[in-house]
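Engineer: Below is one structure. I have some questions about it.
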Amino acid sequence: MRSVQKERKGQFLSIILPLVLLTSLYFTSFYNYLLFHSLSELFSIIIACGVFMIAWNARDLMETPVLVHLGVAYLFIAFLDTMHTLSYTGMGIFTDYSYHANQLWIAARYTEALSLLGFVLFITTKQRNYRPTFIGYLAVTTLIMISIFPTNIFPVCFIEGSGQTLFKIVSEYVIVAILFVTLLVFRSRRGLFPPGLFRFFYWSIAATIGSEFAFTLYTDNYGLLNMLGHYLKILSFYLIYRSLVSEGIRNPIKLFYSELEKTARDLDEANKTKNKLFTIIAHDLKNAFNSTIGITNLMLSNTHRGASTDEENRELIGMINVSAKSTYDLLENLLAWSQAESGRLIVRTEPVDIIELCRSVHAYAHTSAKAKEINLRLETDEDRLQVMADSNMIYTVLRNLVDNAIKYTRRGGSVSISLRANRSLARIEITDSGIGMSSEEIRGLYSPDKNPSRPGTEDEKGTGLGLQLARDFLKKNGSALEISSAPGNGTRMGFSLPRAPEQVSGLL
């Protein structure tokens, strides 16, 4: 609420303050028109220099580099307007000719109009080398000054007793035409401009057109139309300044701090998740080692007492095997997750025989399935099916999905690994007859912090890391994990991979 009030107060001041300044400026014209002219030009010069300083100092923040090029243009426009002010009739600085100001005005307005047109035409440029722009405007400004002062070759723009020359009037209309074209192009390309920038720039160009029309009609350098033209010029410069403040400073800084806050929140959440995950891993590793130590102690005790039988030993060895395999899987997932998180994991996409990969996972999971009397099947009509993927990543995905299916399937149930293919894709699905999941549980699957360790049907432990790895690895291979499940009705997890080019061409 406070921030809204502060913003409204800022908007109010941004309207009231310029109105107060313009009103004060108007009253100075009754006292001395030369003072009015000097102050109005001074406002425009200060704004133009402000445009340059804001654009230049915010150049690294701006997503639109052409704004900086326009800022450079306004620096040289400010210089020409300064010379226009100093040479104005009555100032008494340049005594050789009384109407250099009109020539400098036309030169400055041509420079401004062409700069605005260039800005609109080159809005999409990402050129951040501003040296050529500086050199170009410096060269043009130097030629203008040479043509007006030492050489006097610049066309006369005002004749005392007659008013504006034909060159001056035609030039004003040419400038209006350039600005009108700029306005049309600006409207047609409005989608390329941020809303704040578009609004302010649009009305700035409109105000400049109005200013130029006023300057085509005056006959007296101290007249009402001349005054109106200067008012509109101040408004035009002010609107350009506002657009740069809004687009060049305020919005990028807001975006920067917003992204900074989001990054801080994400890091905090990631640290919480990692801390929770490491706590779970440490707990599971401790349980696995305690289980192995307990079984081996029992075997030692039975051996010392001579009370062990071959059948009991086989059973205990099988339990050690399951415990060791669980610990190994946990460490494998932790290592893979660590590599993925650190960015050291490189995806090596190559032709992979997905059927052979599934056979390896089937053989790997056979012992776990047999321990729970689960029927683990590999179903496919293909003899050979090659896909484009990273074989190690896809093996990790399949291993985790099959492990999860076995973990959440009751004793005596079934788990199937099925493969089918069309002309371009291979589809792999792991289906179980297990306990299933609700839609809410599916949504929380990928977050270890939300669903860290749902025990299996025989109290098997888990971290939730396996499915997170599966999702991330599939994403790196251009695929996605799809889950279909319902409580008590089992689960189907599947994903698709592109077939290898040679197999696709063989089908055509």
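Letters for chains follow the order of the structure tokens (A, B, ...), residue numbers begin at 1 for each chain, and ligand numbers begin at 1 in the order shown.
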Within region 24-241 of chain A, find each residue whose DSSP state, derived from the backbone, is strand (DSSP E or B), and express the selection as a list of chain:residue names.

Structural biologist: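 Residues meeting the strand (DSSP E or B) criterion: A:Phe158, A:Ile159, A:Gly163, A:Gln164.
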
Engineer: Would you save the residues from that selection as a tab-separated table (two decimals), in the first residue's frame, using C-alpha atoms?

Structural biologist:
chain	number	residue	atom	x	y	z
A	158	PHE	CA	15.82	34.92	-41.65
A	159	ILE	CA	15.85	38.40	-43.22
A	163	GLY	CA	10.92	37.27	-41.93
A	164	GLN	CA	11.76	33.65	-42.68

Engineer: Please provide as a list in words all residues within 10 Å of Arg348 (chain A), with the sequence filter that same-chain residues fewer than 5 positions apart are discarded (counting only C-alpha atoms).

Structural biologist: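 Returned residues: Met388, Ala389, Asp390, Ser391, Asn392, Met393 and Asn477 of chain A.
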
Engineer: Identify, on the basis of only C-alpha atoms, every residue whose closest approach to region 109-124 of chain A does not exceed 9 Å; exclude the query and any residue fewer than 3 positions from it along the same chain; express the result as a ChimeraX atom specification.

Structural biologist: /A:64-67,69-70,73-74,76-77,104-106,137,140-141,171-172,174-176,178-179,181-183,185-186,189,192-193,205,208,212

Engineer: Just checking: using only C-alpha atoms, which residue out of A:Phe180, A:Tyr99, A:Phe495, A:Phe43 ends up closest to Val397 (chain A)?

Structural biologist: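 For Val397 (chain A), the nearest of the candidates is A:Phe495.
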
Engineer: Restricting the calculation to only C-alpha atoms, which member of A:Thr380, A:Ser424, A:Asn129, A:Ala470 is positioned closest to Asn404 (chain A)?

Structural biologist: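 Checking each candidate against Asn404 (chain A), we get A:Ala470 as the closest.
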
Engineer: Which neighbours of Phe154 (chain A) fall inside 12 Å, counting only C-alpha atoms, when residues of the same chain fewer than 2 positions from it are skipped, and could you give them as JSON, numbers by chain?

Structural biologist: {"A": [99, 100, 101, 102, 103, 104, 106, 107, 143, 144, 145, 146, 147, 148, 149, 150, 151, 152, 156, 157, 158, 167, 168]}

Engineer: Name all residues at most 9 Å from Thr296 (chain A) (count only C-alpha atoms; drop same-chain ones fewer than 5 positions away) and give them as a PDB file with C-alpha atoms, in the first residue's frame.

Structural biologist:
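For reference, selection_21.pdb as written:
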ATOM      1  CA  SER A 291      21.811 -53.602   8.349  1.00  0.00           C
ATOM      2  CA  SER A 301      27.730 -65.460  15.936  1.00  0.00           C
ATOM      3  CA  LEU A 316      21.663 -63.959   5.099  1.00  0.00           C
ATOM      4  CA  ILE A 317      23.997 -63.559   2.101  1.00  0.00           C
ATOM      5  CA  ILE A 320      23.624 -58.598   2.416  1.00  0.00           C
TER       6      ILE A 320
END

Engineer: Please determine, counting only C-alpha atoms, which residue among A:Glu356, A:Glu429, A:Glu332, A:Asp459 has the shortest atom-to-atom distance to Leu497 (chain A).

Structural biologist: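 Comparing A:Glu356, A:Glu429, A:Glu332, A:Asp459 against Leu497 (chain A), the winner is A:Glu429.
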
Engineer: What is the distance, in Å and to one decimal place, between CA of Leu34 (chain A) and CA of Tyr238 (chain A)?

Structural biologist: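 The value is 21.6 Å.
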
Engineer: Record the distance separating CA of Arg411 (chain A) and CA of Lys372 (chain A), expressed in Å with one decimal.

Structural biologist: 4.9 Å

Engineer: Nearest residue to Glu440 (chain A) out of A:Val347, A:Val387, A:Ala486, A:Leu357, using only C-alpha atoms?

Structural biologist: A:Ala486
